[in-house]
Amino acid sequence: MATFISNSPAETEAFGRRLAKRVGPGTVLALKGELGSGKTQFVKGLVAGLGSKAPVTSPTFTILHEYAGGHLPIYHFDFFRLQDRQSAVRLGLDDYFFGAGLSVIEWADKFPELIPEPAQWVFFEMKSENERIINTREDDAIRESRIPLKPHQMK
Amino acid sequence: MKTILALETSCDETAVAILRGSELLASEVASQIVEHEKFGGVVPEVASRNHLIHAPRLIECAKGRAKIDMLDVDAFAATSGPGLASSLMIGASIAKGLAIGFGKPYLAINHLEGHLLSPFFNNGHIKSNVSLVVSGGHTMSILVRGLGDYRLIGRTVDDAAGEAFDKVAKLLRLGYPGGPEIERHAGSGDPARFNLPRSMIDSENFSFSGLKTAVRYLLPKLRGDFLADLCASFQQAIVDVLVRKTIVAAQKHNVVLVTMSGGVSCNEELRRQLRDACEQKGFEFKSAEPWLCTDNAAMIAFAAMLKLESGFASNVAEEIDPNLALVSSG
């Protein structure tokens, strides 16, 4: 139920750094927020907070970036460009969710039914040009649309 | 004259090409073929991986178009990174399997090297240059001293330039892919009407995330007819940054040639302005042909050909690498 007000990209990054202390192997962070709301900036902090110096960039076109060098492998997904749930599955994205790394998914709300349980949702809202409201509250629409799937049912 | 069959499966597109010497015999791309073939309707659900469905068919198509037999192929190549591990693995495994089966060399090719060499496809010998690779997934400038001798000058710290085009097109409710849409509207617009940020203009790295956000906040304030002017102003902001940083890098590293490749290099305004800037500052300029700039395996086959001709082959035990960097061997 935590809510955080960010007043700059640097503060959003710092929030990611702090959240890095609360993740472990197999954690899935599902991010929701419109264009420019700070999702990639948050992941920058998360990756740095896990001790990796890997350069973090948006995976919108490349779909997935893997970052090594931290306490655990980090899989940075982006569903923005995916057409449908099948295309995600056909690319083998589901393989990563059940591994030993941290999965963090931008535009996760495009296919909430693909997000494994239990995932931690992080919501980014644009309040003004610099102000962002970031909260980790579960939202009803997401909860209702989610169909719990076991790995073998996703194929 | 050597013949190379190359696969490119670094992301969600499957592509196969066959190159003989400097002649491209076939270049097949799955998404384009599916368009007009619709092979029997639905892709079988059980075949869960896209590239596994498309690659064998594309290889057959390419062989047919090239009118060659597998026995005529002198080496098999595949993209080995950077990209999506589960996708890279399929192309690389097929190329390795063919190489082992036919007793021919295997060549692991870096996707970015495929791009940065593509301006030289049937277009002269490789010489020192500053290379701008600019696409949906990548934006970087590289100092190229020769084949295999690369040094990263700068790269995007957030969004790639092509991604900025697509996301702004989305904000403007234009179609996908967004780049050509914005370019089309920009053609009749005034690039000076809106003053949009040129982020990190004095750095060697690139940043386009702030530009996207600036458009996001400008939009609700606009009334009336603004689409063409906004597209032109946005496009000019990107072109300014790319041209300026590339010219500064070319001057700093004392090269005589500037090259450009990747999907965004198809943008006519970027081509024109970078060509003009090069001319003005005394640099030679080469850009990849537009058909080599989108996802394709021809550029992978070409990079493999240059490597094969210089006596290079990869070990079939070489693993794919999702984070493969462009490293200097020189």
# chains A, B, ... in the order shown; residues from 1 in each chain; ligands from 1
$ interface_residues --of "chain B" --to "chain A" --cutoff "6 Å" --atoms "only C-alpha atoms" --output "PyMOL selection string"
chain B and resi 48-50+136-137+157-159+213
$ residues_around --residues "Arg155 (chain B)" --least-positions-apart "4" --cutoff "7 Å" --atoms "only C-alpha atoms" --output "list in words"
Thr139, Met140, Ser141, Asn205 and Phe206 of chain B
$ write_last_selection --atoms "N, CA and C atoms" --output "mmCIF file, in the first residue's frame"
data_model
loop_
_atom_site.group_PDB
_atom_site.id
_atom_site.type_symbol
_atom_site.label_atom_id
_atom_site.label_comp_id
_atom_site.auth_asym_id
_atom_site.auth_seq_id
_atom_site.Cartn_x
_atom_site.Cartn_y
_atom_site.Cartn_z
ATOM 1 N N THR B 139 20.578 3.057 -30.666
ATOM 2 C CA THR B 139 21.095 4.322 -31.170
ATOM 3 C C THR B 139 22.504 4.448 -30.624
ATOM 4 N N MET B 140 23.504 4.399 -31.494
ATOM 5 C CA MET B 140 24.883 4.504 -31.032
ATOM 6 C C MET B 140 25.797 5.028 -32.133
ATOM 7 N N SER B 141 26.880 5.634 -31.694
ATOM 8 C CA SER B 141 27.912 6.010 -32.661
ATOM 9 C C SER B 141 29.156 5.208 -32.327
ATOM 10 N N ASN B 205 26.854 10.650 -25.508
ATOM 11 C CA ASN B 205 25.686 9.765 -25.430
ATOM 12 C C ASN B 205 24.433 10.484 -25.926
ATOM 13 N N PHE B 206 23.373 9.691 -26.108
ATOM 14 C CA PHE B 206 22.113 10.212 -26.623
ATOM 15 C C PHE B 206 21.015 10.019 -25.577
#
$ residues_around --residues "region 267-271 of chain B" --least-positions-apart "5" --cutoff "8 Å" --atoms "only C-alpha atoms" --output "list in words"
Gly179, Pro180, Glu183, Val239, Val243 and Ser287 of chain B
$ atom_distance --atom1 "CA of Arg244 (chain B)" --atom2 "CA of Arg151 (chain B)"
19.1 Å
$ select_by_dssp --residues "chain A" --states "alpha helix (DSSP H)" --output "MDAnalysis selection string"
chainID A and resid 9:19 39:49 85:90 94:97 140:145
$ residues_around --residues "Leu117 (chain B)" --least-positions-apart "3" --cutoff "12 Å" --atoms "only C-alpha atoms" --output "PyMOL selection string"
chain B and resi 109-114+120-133+142+144-150+258-262+286-289+292-293+298-307
$ write_last_selection --atoms "C-alpha atoms" --output "mmCIF file, in the first residue's frame"
data_model
loop_
_atom_site.group_PDB
_atom_site.id
_atom_site.type_symbol
_atom_site.label_atom_id
_atom_site.label_comp_id
_atom_site.auth_asym_id
_atom_site.auth_seq_id
_atom_site.Cartn_x
_atom_site.Cartn_y
_atom_site.Cartn_z
ATOM 1 C CA ILE B 109 27.689 -12.387 -36.327
ATOM 2 C CA ASN B 110 26.925 -9.424 -34.087
ATOM 3 C CA HIS B 111 23.633 -7.800 -35.130
ATOM 4 C CA LEU B 112 25.151 -4.323 -34.690
ATOM 5 C CA GLU B 113 28.154 -5.256 -36.815
ATOM 6 C CA GLY B 114 25.669 -6.316 -39.489
ATOM 7 C CA PHE B 120 29.577 -0.871 -47.555
ATOM 8 C CA PHE B 121 27.339 -3.413 -49.293
ATOM 9 C CA ASN B 122 28.469 -3.225 -52.932
ATOM 10 C CA ASN B 123 29.714 0.245 -52.092
ATOM 11 C CA GLY B 124 33.498 0.300 -51.748
ATOM 12 C CA HIS B 125 36.046 -0.972 -49.276
ATOM 13 C CA ILE B 126 35.888 -0.595 -45.544
ATOM 14 C CA LYS B 127 37.961 2.244 -44.175
ATOM 15 C CA SER B 128 38.074 4.202 -40.932
ATOM 16 C CA ASN B 129 34.749 5.867 -40.233
ATOM 17 C CA VAL B 130 32.418 7.160 -37.608
ATOM 18 C CA SER B 131 29.306 5.033 -37.864
ATOM 19 C CA LEU B 132 25.847 6.069 -36.683
ATOM 20 C CA VAL B 133 23.631 3.030 -36.041
ATOM 21 C CA ILE B 142 30.920 3.793 -33.216
ATOM 22 C CA VAL B 144 35.266 1.853 -36.964
ATOM 23 C CA ARG B 145 38.964 1.401 -37.713
ATOM 24 C CA GLY B 146 38.493 -1.675 -39.916
ATOM 25 C CA LEU B 147 36.703 -5.003 -40.037
ATOM 26 C CA GLY B 148 36.325 -6.200 -36.448
ATOM 27 C CA ASP B 149 37.939 -3.091 -34.955
ATOM 28 C CA TYR B 150 35.168 -1.113 -33.295
ATOM 29 C CA VAL B 258 30.812 9.049 -41.929
ATOM 30 C CA THR B 259 28.392 6.135 -42.315
ATOM 31 C CA MET B 260 24.800 5.576 -41.222
ATOM 32 C CA SER B 261 22.627 2.466 -40.945
ATOM 33 C CA GLY B 262 19.567 1.070 -39.139
ATOM 34 C CA LYS B 286 27.751 6.608 -47.061
ATOM 35 C CA SER B 287 24.396 5.360 -45.829
ATOM 36 C CA ALA B 288 23.000 1.856 -46.079
ATOM 37 C CA GLU B 289 20.413 1.266 -48.787
ATOM 38 C CA LEU B 292 19.205 -3.112 -45.825
ATOM 39 C CA CYS B 293 18.041 -0.977 -42.908
ATOM 40 C CA ALA B 298 21.277 -9.833 -45.935
ATOM 41 C CA MET B 299 23.377 -7.615 -43.691
ATOM 42 C CA ILE B 300 24.277 -10.653 -41.577
ATOM 43 C CA ALA B 301 25.285 -12.580 -44.713
ATOM 44 C CA PHE B 302 27.374 -9.598 -45.870
ATOM 45 C CA ALA B 303 29.195 -9.277 -42.526
ATOM 46 C CA ALA B 304 29.775 -13.040 -42.586
ATOM 47 C CA MET B 305 31.171 -12.819 -46.128
ATOM 48 C CA LEU B 306 33.689 -10.153 -45.122
ATOM 49 C CA LYS B 307 34.736 -12.260 -42.141
#
